[in-house]
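Everything below concerns the one structure shown next.
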Amino acid sequence: MAQRHRREPEIPLAKEALDAKGESLTALVNEVFSEGHDVEVGAAVDEVTLTVQPTSLPDICRLLRDDPRFDFDYLRCLSVVDYEDRMEVNYHLFSLDKRHKLVVKANVSPDDPVVPSLIDVWRGANWYERESHDLFGVSFTGHPNLVPLLLYEGFEGFPGRKNFPFHDYDEW
Amino acid sequence: MAVKTEPVTINLGPQHPSTHGVFRLRVKFDGEVVLDVEPVFGYLHRGTEKLAESRTYVQIVTLTDRLDYTASMSNNLSYVLAVEKLAGIEAPERAQYIRVICAELARISSHLMATGFLLNDLGAFATPLMYCFRERERILDLFEMLCGARITVSYMRPGGVLQDPPDDFWPALTRINDDLPQYFDELESLITGNEIVLARTRDVGTISAEHAINASISGPILRATGVQWDVRRADPYEIYDRLDFDIPIGAVGDTFDRYLVRIQEMRESVKIIRQCIEQTPDGPYRADAPWFIRAPEGDAYAAVEGPKGELGFYMVSDGDISPYRCKIRAPSFINLTALTDMLVGWKMGDLITIFGSLDVVLGEVDR
């Protein structure tokens with residue numbers, strides 16, 4: 001009997017849809033980070049992404065903030081995503097004057113997630129980083145006060161992660 | 001003989017009428033002057049982001065209602081925009097207009113509450129608050145006409161809205177929209193020129209523009225410092241680029257400016273709603289999106305200008321019927337970071353006022 005294979009559904013990728021500002025920003029990012037930087041430029045739907053090494057984050061972010069061509073003075077959002085093989089820290093940046101947006105991504109290992117803190121660059125990163133440490137266990141080196149923010153003191157584990165056991169959790 | 005003094009640490013809250021929810025401030029006082037403030041929260045943490053990972057895209061709409069429960073329509077809008085961006089769904093024009101109307105009504109109702117509670121915190125107990133609630137009540141009646149619920153509306157869906165507004169909604173909306181400016185005039189005649197209000201709020205809790213931008217503050221607090229930043233203009237969504245409205249800004253970024261910016265924003269919202277009523281086309285109210293949306297693999301961030309500030313959703317999908325990750329950028333949460341800097345050096349009574357002027361909602365802070 002011929003063995004029947006179940007066909008895995010094909011999962012499409014989200015379509016890129018950069019606008020004119022996004023296109024020019026991509027060109028600019030490619031130009032500035034063309035040599036000597038270990039970065040990768042891409043796009044996530046309508047935003048330009050810049051994947052960098054975690055250790056070079058503070059330098060690159062300071063450059064992005066201070067370079068008048070970029071002028072990213074506003075940190076919109078900081079999020080951590082727990083993928084199966086890596087943890088991704090996303091920084092959504094926005095320029096109030098130029099009105100363009102960029103996502104800086106840094107990949108860290110889930111066993112030892114360490115990222116330099118960006119408090120010196122944008123002080124708005126303070127509570128985002130505390131929250132990420134709280135829920136995902138990402139340590140931000142250089143952060144002055146990484147105490148629990150949303151969870152209570154003494155909570156064990158990192159409930160944001162995919163491997164956090166929810167179903168064998170006893171009610172008390 | 002020198003009097004021996006030492007700083008005293010006091011807990012304000014978690015159960016305290018001025019904390020607008022379950023929230024604790026650990027304050028170090030020197031006499032009556034604030035030396036240091038440490039906000040403590042998380043009492044309402046329900047793990048919304050984690051819950052979203054095990055629900056379908058349509059089910060998550062109900063979770064978003066419970067974030068900022070004074071303006072659930074704005075939360076709905078931000079969420080559905082993120083899903084639409086990721087899944088490539090485009091809402092029909094009629095739905096976009098209806099959603100903008102709802103979001104602006106939510107802004108008015110939220111700002112009314114903020115103003116009422118600010119007055120409450122100033123010591124004008126209940127009377128001004130009830131004036132604000134009278135108008136808010138009529139807006140909630142409109143929401144009830146749309147979907148049967150007043151607070152937890154869940155009215156929006158990825159690709160449109162739940163149902164077309166009933167026929168008697170439009171005349172009711174026009175009537176309320178025409179009445180609102182008179183309400184605002186009445187409110188302003190009570191508050192804006194009031195000597196006690198001015199004395200208690202002018203130059204109190206000032207924050208500079210550079211500081212606010214660097215600390216990711218958004219919404220009326222940022223605009224009160226004189227920065228003309230509004231997501232509706234800076235990163236337009238829906239049909240806001242077709243509408244004519246101003247972005248009110250403040251001069252010095254004190255408590256009074258924050259109040260004034262809110263009042264002016266409500267007037268702008270009335271203008272927006274009036275244009276929307278005229279322009280709303282006929283047609284379908286919901287795109288032909290499947291019930292179980294399978295968003296393609298990828299990630300997308302969408303933000304709206306909520307009443308409290310930039311309200312964003314960052315969605316990651318792996319192709320399943322529920323998102324892989326759903327990060328909520330809650331404006332109240334980030335606006336709170338400025339609290340310590342604003343409060344140090346002020347007195348106990350000002351602490352309550354400054355905190356009230358930030359207009360935080362704890363459902364959103366704790367998520």
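Labels for the structure tokens follow display order: chains A, B, ..., residues from 1 in each chain, ligands from 1.
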
### Message
Within 6 Å of chain A, which residues belong to chain B? Use only C-alpha atoms and report them as a PyMOL selection string.
### Response
chain B and resi 42+214-216+296-298+319

### Query
In region 11-125 of chain A, what's helix (DSSP H, G or I) per DSSP? Answer as a PyMOL selection string?
chain A and resi 20-32+54-66+125

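Residue nearest Cys61 (chain A), chosen from A:Asp111, A:Val29, A:Arg86, A:Leu118 and counting only C-alpha atoms: A:Leu118.
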
### Query
Can you tell me how far CA of Leu336 (chain B) sits from CA of Ser56 (chain A), in Å to one decimal?
29.3 Å

What's around Asp246 (chain B) at 12 Å? Count only C-alpha atoms, leave out sequence neighbours fewer than 2 positions away in its own chain, and write the answer as an mmCIF file with C-alpha atoms, in the first residue's frame.
data_model
loop_
_atom_site.group_PDB
_atom_site.id
_atom_site.type_symbol
_atom_site.label_atom_id
_atom_site.label_comp_id
_atom_site.auth_asym_id
_atom_site.auth_seq_id
_atom_site.Cartn_x
_atom_site.Cartn_y
_atom_site.Cartn_z
ATOM 1 C CA GLN B 228 3.945 68.705 18.140
ATOM 2 C CA TRP B 229 4.013 64.948 17.929
ATOM 3 C CA ASP B 230 0.912 62.978 17.224
ATOM 4 C CA ARG B 232 -2.193 60.558 13.642
ATOM 5 C CA ARG B 233 -0.010 63.043 11.763
ATOM 6 C CA TYR B 240 -6.577 60.584 9.194
ATOM 7 C CA LEU B 243 -9.105 64.966 7.788
ATOM 8 C CA ASP B 244 -8.467 68.523 8.793
ATOM 9 C CA PRO B 248 -2.804 71.469 20.279
ATOM 10 C CA ILE B 249 0.433 71.936 22.198
ATOM 11 C CA VAL B 261 -4.133 70.232 25.877
ATOM 12 C CA GLN B 264 -8.385 71.390 23.182
ATOM 13 C CA GLU B 265 -7.914 67.867 21.903
ATOM 14 C CA MET B 266 -11.524 67.097 22.716
ATOM 15 C CA ARG B 267 -12.574 70.083 20.616
ATOM 16 C CA GLU B 268 -10.430 68.788 17.755
ATOM 17 C CA SER B 269 -12.037 65.362 18.136
ATOM 18 C CA VAL B 270 -15.456 66.961 17.710
ATOM 19 C CA LYS B 271 -14.177 68.524 14.480
ATOM 20 C CA ILE B 272 -12.894 65.151 13.279
#

### Query
Please, which residues of region 17-176 of chain B, numbered as in this document, come out strand (DSSP E) from DSSP, as a PyMOL selection string?
chain B and resi 24-30+33-40+156-157+160-161
